[in-house]
>>> print(open('model.txt').read())   # compact mmCIF, C-alpha atoms (C1' of nucleotides)
# COMPACT_ATOMS: atom_id res chain seq x y z
CA MET A 1 116.63 123.29 50.00
CA PHE A 2 115.49 126.58 48.56
CA SER A 3 113.86 129.15 50.79
CA ALA A 4 110.08 129.29 50.92
CA ASP A 5 110.16 132.91 49.77
CA LEU A 6 112.07 131.97 46.66
CA LYS A 7 109.67 129.17 45.79
CA ARG A 8 106.64 131.31 46.39
CA GLY A 9 106.83 133.02 43.04
CA SER A 10 107.19 130.01 40.81
CA ILE A 11 105.46 126.95 42.22
CA GLU A 12 102.29 127.69 40.30
CA LEU A 13 104.20 128.06 37.05
CA MET A 14 106.10 124.83 37.60
CA ILE A 15 102.92 122.89 38.29
CA LEU A 16 101.12 124.40 35.32
CA SER A 17 104.18 123.58 33.27
CA VAL A 18 104.28 119.87 34.10
CA LEU A 19 100.51 119.67 33.53
CA ARG A 20 100.96 120.94 29.99
CA GLU A 21 102.38 117.61 28.98
CA ARG A 22 99.55 115.51 30.39
CA ALA A 23 97.13 115.07 33.29
CA ARG A 24 98.79 114.18 36.56
CA HIS A 25 97.73 113.61 40.15
CA GLY A 26 99.02 115.51 43.16
CA TYR A 27 101.44 113.00 44.56
CA GLU A 28 102.85 112.42 41.09
CA ILE A 29 103.45 116.13 40.57
CA GLY A 30 105.39 116.33 43.82
CA LYS A 31 107.59 113.38 42.95
CA LEU A 32 108.08 114.62 39.41
CA LEU A 33 109.23 118.08 40.45
CA GLU A 34 111.61 116.52 42.93
CA GLU A 35 112.98 114.26 40.23
CA ILE A 36 113.32 116.86 37.47
CA SER A 37 115.13 119.20 39.84
CA GLY A 38 117.52 116.46 40.86
CA GLY A 39 116.23 116.47 44.40
CA GLN A 40 116.81 120.19 44.82
CA LEU A 41 113.12 121.00 44.95
CA GLU A 42 110.88 119.67 47.66
CA PHE A 43 107.39 120.64 48.63
CA ARG A 44 105.43 119.55 51.64
CA VAL A 45 102.26 117.72 50.76
CA SER A 46 100.22 120.40 52.52
CA THR A 47 101.79 122.99 50.26
CA LEU A 48 101.27 121.01 47.11
CA TYR A 49 97.64 120.16 47.68
CA SER A 50 96.72 123.63 48.84
CA VAL A 51 98.22 125.05 45.65
CA LEU A 52 96.25 122.56 43.58
CA TYR A 53 92.98 123.39 45.38
CA ARG A 54 93.67 127.08 44.88
CA MET A 55 94.39 126.68 41.19
CA GLU A 56 91.27 124.60 40.66
CA LYS A 57 89.19 127.20 42.52
CA ARG A 58 90.58 129.80 40.14
CA GLY A 59 89.68 127.67 37.16
CA TRP A 60 93.25 127.08 35.97
CA ILE A 61 93.04 123.31 36.36
CA LYS A 62 90.28 120.73 36.62
CA GLY A 63 90.48 117.69 38.89
CA ARG A 64 88.99 114.33 38.00
CA TRP A 65 88.78 111.49 40.52
CA VAL A 66 89.84 108.09 39.29
CA GLU A 67 89.09 105.00 41.36
CA ARG A 68 90.11 101.66 39.94
CA LYS A 69 90.29 98.37 41.78
CA GLY A 70 93.83 97.48 42.69
CA GLU A 71 94.69 101.19 42.78
CA ARG A 72 94.47 103.97 45.31
CA ARG A 73 92.06 106.76 44.55
CA ARG A 74 93.76 109.62 42.79
CA CYS A 75 92.73 113.03 41.58
CA TYR A 76 94.11 113.77 38.13
CA TYR A 77 94.42 117.40 37.18
CA THR A 78 94.16 118.78 33.68
CA LEU A 79 94.94 122.26 32.41
CA THR A 80 91.92 124.32 31.41
CA GLY A 81 91.97 126.88 28.62
CA LYS A 82 92.40 129.58 31.20
CA GLY A 83 95.17 127.52 32.81
CA ARG A 84 97.03 127.42 29.54
CA GLU A 85 96.76 131.20 29.25
CA VAL A 86 97.97 131.68 32.81
CA GLU A 87 100.87 129.32 32.17
CA THR A 88 101.95 131.33 29.15
CA ARG A 89 101.63 134.62 30.97
CA GLN A 90 103.47 133.38 34.07
CA ARG A 91 106.22 131.92 31.92
CA GLN A 92 106.78 135.28 30.24
CA GLU A 93 106.60 137.06 33.58
CA TRP A 94 109.16 134.65 35.04
CA LYS A 95 111.54 135.15 32.12
CA ALA A 96 111.28 138.92 32.36
CA PHE A 97 111.57 138.88 36.12
CA SER A 98 114.61 136.62 36.31
CA ALA A 99 116.34 138.61 33.59
CA MET A 100 115.60 141.79 35.52
CA VAL A 101 116.97 140.38 38.79
CA ASN A 102 120.09 139.16 37.03
CA HIS A 103 120.51 142.60 35.55
CA VAL A 104 120.11 144.35 38.89
CA ILE A 105 122.48 142.10 40.79
CA GLY A 106 124.85 142.05 37.83
CA VAL A 107 125.04 145.80 37.36
CA SER A 108 125.71 146.50 41.00
CA HIS A 109 128.13 143.62 41.26
CA ALA A 110 130.34 144.85 38.43
CA MET B 1 104.50 145.23 37.57
CA PHE B 2 105.76 141.94 38.93
CA SER B 3 103.70 139.95 41.38
CA ALA B 4 104.46 140.31 45.07
CA ASP B 5 105.14 136.57 45.31
CA LEU B 6 107.77 136.79 42.64
CA LYS B 7 109.51 139.72 44.29
CA ARG B 8 109.40 138.08 47.69
CA GLY B 9 112.35 135.84 47.02
CA SER B 10 114.79 138.41 45.73
CA ILE B 11 114.22 141.84 47.21
CA GLU B 12 116.76 141.22 49.95
CA LEU B 13 119.37 140.12 47.46
CA MET B 14 118.77 143.12 45.24
CA ILE B 15 119.10 145.55 48.14
CA LEU B 16 122.22 143.83 49.45
CA SER B 17 123.55 143.94 45.93
CA VAL B 18 123.18 147.68 45.44
CA LEU B 19 124.63 148.27 48.89
CA ARG B 20 127.80 146.42 47.90
CA GLU B 21 128.83 149.35 45.77
CA ARG B 22 128.39 151.98 48.46
CA ALA B 23 126.24 153.16 51.36
CA ARG B 24 122.79 154.34 50.34
CA HIS B 25 119.66 155.58 52.07
CA GLY B 26 116.23 154.00 51.78
CA TYR B 27 114.59 156.38 49.36
CA GLU B 28 117.67 156.25 47.16
CA ILE B 29 117.58 152.45 47.05
CA GLY B 30 113.96 152.50 45.94
CA LYS B 31 114.62 154.98 43.15
CA LEU B 32 117.77 153.16 42.11
CA LEU B 33 116.07 149.77 41.79
CA GLU B 34 113.30 151.38 39.79
CA GLU B 35 115.84 153.03 37.53
CA ILE B 36 118.11 150.01 37.00
CA SER B 37 115.10 147.85 36.15
CA GLY B 38 113.89 150.40 33.64
CA GLY B 39 110.76 151.06 35.67
CA GLN B 40 109.79 147.42 35.81
CA LEU B 41 110.46 147.12 39.50
CA GLU B 42 108.54 149.13 42.05
CA PHE B 43 108.31 148.75 45.77
CA ARG B 44 106.01 150.53 48.16
CA VAL B 45 107.86 152.60 50.72
CA SER B 46 106.34 150.51 53.48
CA THR B 47 107.83 147.41 51.89
CA LEU B 48 111.22 148.94 51.38
CA TYR B 49 111.65 150.32 54.85
CA SER B 50 110.33 147.22 56.56
CA VAL B 51 112.87 145.15 54.63
CA LEU B 52 115.64 147.52 55.68
CA TYR B 53 114.61 147.40 59.35
CA ARG B 54 114.48 143.62 59.18
CA MET B 55 117.91 143.35 57.61
CA GLU B 56 119.40 145.73 60.15
CA LYS B 57 117.82 143.72 62.96
CA ARG B 58 119.46 140.62 61.53
CA GLY B 59 122.79 142.37 61.39
CA TRP B 60 123.14 142.32 57.62
CA ILE B 61 123.27 146.09 57.29
CA LYS B 62 124.00 149.03 59.57
CA GLY B 63 122.13 152.32 59.41
CA ARG B 64 123.74 155.69 60.10
CA TRP B 65 121.71 158.87 60.40
CA VAL B 66 123.03 161.89 58.56
CA GLU B 67 121.61 165.34 59.22
CA ARG B 68 123.12 168.25 57.39
CA LYS B 69 121.69 171.73 57.09
CA GLY B 70 120.06 172.29 53.77
CA GLU B 71 119.33 168.57 53.55
CA ARG B 72 116.61 166.25 54.80
CA ARG B 73 117.60 163.71 57.39
CA ARG B 74 118.54 160.41 55.83
CA CYS B 75 119.56 157.02 57.10
CA TYR B 76 122.45 155.59 55.13
CA TYR B 77 122.84 151.83 55.19
CA THR B 78 126.14 149.99 54.89
CA LEU B 79 126.75 146.27 54.43
CA THR B 80 128.20 144.49 57.45
CA GLY B 81 130.57 141.54 57.17
CA LYS B 82 127.66 139.24 57.76
CA GLY B 83 125.68 141.13 55.12
CA ARG B 84 128.42 140.51 52.61
CA GLU B 85 128.30 136.80 53.39
CA VAL B 86 124.52 136.72 53.10
CA GLU B 87 124.72 138.57 49.80
CA THR B 88 127.13 135.99 48.41
CA ARG B 89 125.05 133.07 49.63
CA GLN B 90 121.77 134.52 48.35
CA ARG B 91 123.35 135.30 45.00
CA GLN B 92 124.42 131.67 44.63
CA GLU B 93 121.04 130.47 45.80
CA TRP B 94 119.31 132.72 43.30
CA LYS B 95 121.50 131.48 40.44
CA ALA B 96 120.85 127.85 41.35
CA PHE B 97 117.17 128.43 41.87
CA SER B 98 116.53 130.31 38.65
CA ALA B 99 118.49 127.71 36.70
CA MET B 100 116.40 125.00 38.32
CA VAL B 101 113.11 126.71 37.49
CA ASN B 102 114.21 127.26 33.92
CA HIS B 103 115.11 123.60 33.72
CA VAL B 104 111.76 122.45 35.11
CA ILE B 105 109.64 124.68 32.90
CA GLY B 106 111.92 123.98 29.96
CA VAL B 107 111.86 120.21 30.25
CA SER B 108 108.10 120.02 30.53
CA HIS B 109 107.63 122.57 27.79
CA ALA B 110 109.65 120.67 25.23
C1' DG C 1 103.07 180.49 49.56
C1' DG C 2 101.54 176.37 47.55
C1' DG C 3 102.31 172.17 45.40
C1' DA C 4 105.53 168.56 44.04
C1' DA C 5 109.36 165.86 45.36
C1' DT C 6 112.06 164.06 49.01
C1' DA C 7 112.51 161.06 53.20
C1' DC C 8 110.88 158.28 56.74
C1' DT C 9 107.21 155.92 60.15
C1' DT C 10 103.53 152.99 61.75
C1' DC C 11 99.74 149.83 61.52
C1' DG C 12 96.85 146.20 60.15
C1' DC C 13 95.46 142.98 56.33
C1' DC C 14 95.94 138.85 53.90
C1' DA C 15 98.11 135.35 50.90
C1' DC C 16 100.70 131.43 51.13
C1' DG C 17 104.34 127.92 52.29
C1' DC C 18 104.94 124.97 56.04
C1' DG C 19 104.66 121.76 60.09
C1' DA C 20 101.91 118.52 62.32
C1' DA C 21 98.67 115.15 62.67
C1' DG C 22 95.43 112.14 60.68
C1' DT C 23 93.02 108.66 57.31
C1' DA C 24 93.30 104.90 54.15
C1' DT C 25 95.00 101.64 50.65
C1' DC C 26 98.55 98.82 48.42
C1' DG C 27 103.01 96.17 47.93
C1' DT C 28 106.71 93.54 49.88
C1' DG C 29 109.22 90.83 52.94
C1' DT C 30 109.42 87.33 56.60
C1' DA D 1 99.46 86.61 58.97
C1' DC D 2 101.41 90.74 60.10
C1' DA D 3 104.39 94.58 60.04
C1' DC D 4 106.20 98.27 57.61
C1' DG D 5 107.05 101.42 54.10
C1' DA D 6 105.31 103.74 50.10
C1' DT D 7 101.42 105.74 48.05
C1' DA D 8 97.62 109.26 48.10
C1' DC D 9 94.99 112.75 50.05
C1' DT D 10 92.90 116.03 53.99
C1' DT D 11 92.63 119.60 57.46
C1' DC D 12 94.18 123.15 60.61
C1' DG D 13 96.77 126.78 62.55
C1' DC D 14 101.21 129.50 62.51
C1' DG D 15 104.54 132.87 60.97
C1' DT D 16 106.51 135.58 57.40
C1' DG D 17 106.43 139.40 54.66
C1' DG D 18 104.71 142.54 50.78
C1' DC D 19 101.28 145.91 50.51
C1' DG D 20 97.79 149.71 51.15
C1' DA D 21 96.70 153.61 53.74
C1' DA D 22 97.53 157.40 56.41
C1' DG D 23 100.60 160.44 58.59
C1' DT D 24 104.84 163.68 59.57
C1' DA D 25 108.34 166.85 58.01
C1' DT D 26 111.55 169.19 55.14
C1' DT D 27 113.25 171.17 50.76
C1' DC D 28 112.82 173.07 46.17
C1' DC D 29 110.81 175.71 42.55
C1' DC D 30 107.45 178.51 40.22
>>> encode(input="model.txt", output="structure tokens")
Amino acid sequence: MFSADLKRGSIELMILSVLRERARHGYEIGKLLEEISGGQLEFRVSTLYSVLYRMEKRGWIKGRWVERKGERRRCYYTLTGKGREVETRQRQEWKAFSAMVNHVIGVSHA
Amino acid sequence: MFSADLKRGSIELMILSVLRERARHGYEIGKLLEEISGGQLEFRVSTLYSVLYRMEKRGWIKGRWVERKGERRRCYYTLTGKGREVETRQRQEWKAFSAMVNHVIGVSHA
DNA sequence: GGGAATACTTCGCCACGCGAAGTATCGTGT
DNA sequence: ACACGATACTTCGCGTGGCGAAGTATTCCC
């Protein structure tokens, strides 16, 4: 739905945000974001997993493999301390940024 | 100030937006965006001009060179009809997108 | 006349979302 | 018993686009 360029700036924040609540696995995160957004937001699996790998590499989240009989193997991700900090910082940055954009396009629209 | 990824989704809209008011040249647009945003928003010249070239190539804006004695040569850009349409569409998309992000990070934050 | 500000150009790097293709397991219907 | 869809993750290569760096040229002001 939304352009890739638009999503680029906020996918990390949205993932960090839904991980604040509790640990989730990749596929779940994708479905959840789609659901919360009312179907407006869709990410390719390749996008989603590459973001998760990147964030783990940076130490923002920590993956834990869970294999139980009668269930597919899943990797559950948890926020690290650093991840929580990044989430807070990105949330503030997003708020400031979106306010700024609204101001710019509002001022010149008037 | 703001991350490149964040800016990626809205620079076009912001430029189209300030061009709605009147024709402006590249350097002017850069200074204007910096000013309106209270110094929060900065773009490299290479970024700014490449965006302008791209938008002209797509037929969203039209450049007109002005050379007057006692003045540096400047290329003034004007919105085309298509540019006006794109501006409207991107504005709506931005509104919907930012509302969606706020919803997602709000829901999971609660 | 020298340095800051103005105004634009070109080039190559690299991050990242995406498309495509693949692997494997589980549930459901017939 | 078998097919098919949903679940769950992996890997690879492409294209887009902001950015850094370096360069050119003109104007203004001390």
>>> interface_residues(input="model.txt", of="chain A", to="chain C", cutoff="10 Å", atoms="all atoms listed in the file", output="ChimeraX atom specification")
/A:3-5,7-8,43-48,50-51,70-73
>>> closest_atom_pairs(input="model.txt", of="chain D", to="chain A", cutoff="12 Å", atoms="all atoms listed in the file", output="Markdown table")
| residue | atom | partner | partner_atom | distance |
| --- | --- | --- | --- | --- |
| D:DA6 | C1' | A:Tyr27 | CA | 11.5 |
| D:DT7 | C1' | A:Arg72 | CA | 7.7 |
| D:DA8 | C1' | A:Tyr27 | CA | 6.4 |
| D:DC9 | C1' | A:Arg74 | CA | 8.0 |
| D:DT10 | C1' | A:Ser46 | CA | 8.7 |
| D:DT11 | C1' | A:Ser46 | CA | 9.1 |
| D:DC12 | C1' | A:Ser46 | CA | 10.5 |
| D:DT16 | C1' | A:Asp5 | CA | 8.9 |
| D:DG17 | C1' | A:Asp5 | CA | 8.9 |
| D:DG18 | C1' | A:Asp5 | CA | 11.1 |
>>> atom_distance(input="model.txt", atom1="CA of Ala23 in chain A", atom2="CA of Phe2 in chain A")
26.5 Å
>>> closest_residue(input="model.txt", among="B:Gly38, B:Gly9, B:Gly81, B:Gly63", to="chain A", atoms="all atoms listed in the file")
B:Gly9
>>> interface_residues(input="model.txt", of="chain B", to="chain A", cutoff="9 Å", atoms="only C-alpha atoms", output="number ranges by chain")
B: 2-11, 13-21, 33, 36-38, 40-41, 91, 93-95, 97-98, 100-110
>>> atom_distance(input="model.txt", atom1="CA of Lys62 in chain B", atom2="C1' of DG23 in chain D")
26.1 Å
>>> atom_distance(input="model.txt", atom1="CA of Gly83 in chain A", atom2="CA of Ile61 in chain A")
5.9 Å
>>> residues_near_point(input="model.txt", point="(90.6, 129.2, 39.8)", cutoff="12 Å", atoms="all atoms listed in the file", output="ChimeraX atom specification")
/A:12,51-63,79-83,86
>>> axis_aligned_box(input="model.txt", around="range 3-14 of chain D", padding_each_side="4 Å", output="JSON")
{"center_x": 99.8, "center_y": 112.0, "center_z": 55.3, "size_x": 22.4, "size_y": 42.9, "size_z": 22.5}
>>> build_atoms(input="model.txt", residues="range 73-89 of chain A", atoms="N, CA and C atoms", output="tab-separated table (two decimals), keeping the file's coordinate frame")
chain	number	residue	atom	x	y	z
A	73	ARG	N	92.80	105.69	45.21
A	73	ARG	CA	92.06	106.76	44.55
A	73	ARG	C	93.00	107.94	44.31
A	74	ARG	N	92.89	108.49	43.15
A	74	ARG	CA	93.76	109.62	42.79
A	74	ARG	C	92.94	110.70	42.11
A	75	CYS	N	93.39	111.93	42.28
A	75	CYS	CA	92.73	113.03	41.58
A	75	CYS	C	93.68	113.55	40.51
A	76	TYR	N	93.29	113.33	39.27
A	76	TYR	CA	94.11	113.77	38.13
A	76	TYR	C	93.70	115.16	37.70
A	77	TYR	N	94.70	116.02	37.58
A	77	TYR	CA	94.42	117.40	37.18
A	77	TYR	C	94.81	117.67	35.73
A	78	THR	N	93.94	118.40	35.07
A	78	THR	CA	94.16	118.78	33.68
A	78	THR	C	94.15	120.29	33.56
A	79	LEU	N	94.94	120.82	32.67
A	79	LEU	CA	94.94	122.26	32.41
A	79	LEU	C	93.64	122.66	31.73
A	80	THR	N	93.06	123.77	32.13
A	80	THR	CA	91.92	124.32	31.41
A	80	THR	C	92.45	125.32	30.38
A	81	GLY	N	91.55	125.86	29.59
A	81	GLY	CA	91.97	126.88	28.62
A	81	GLY	C	92.58	128.06	29.34
A	82	LYS	N	91.91	128.47	30.40
A	82	LYS	CA	92.40	129.58	31.20
A	82	LYS	C	93.77	129.24	31.80
A	83	GLY	N	93.91	127.98	32.24
A	83	GLY	CA	95.17	127.52	32.81
A	83	GLY	C	96.31	127.65	31.83
A	84	ARG	N	96.00	127.33	30.57
A	84	ARG	CA	97.03	127.42	29.54
A	84	ARG	C	97.44	128.88	29.33
A	85	GLU	N	96.45	129.76	29.37
A	85	GLU	CA	96.76	131.20	29.25
A	85	GLU	C	97.63	131.68	30.40
A	86	VAL	N	97.22	131.28	31.61
A	86	VAL	CA	97.97	131.68	32.81
A	86	VAL	C	99.39	131.15	32.74
A	87	GLU	N	99.53	129.92	32.28
A	87	GLU	CA	100.87	129.32	32.17
A	87	GLU	C	101.75	130.15	31.25
A	88	THR	N	101.20	130.52	30.12
A	88	THR	CA	101.95	131.33	29.15
A	88	THR	C	102.34	132.69	29.74
A	89	ARG	N	101.37	133.30	30.39
A	89	ARG	CA	101.63	134.62	30.97
A	89	ARG	C	102.66	134.55	32.09
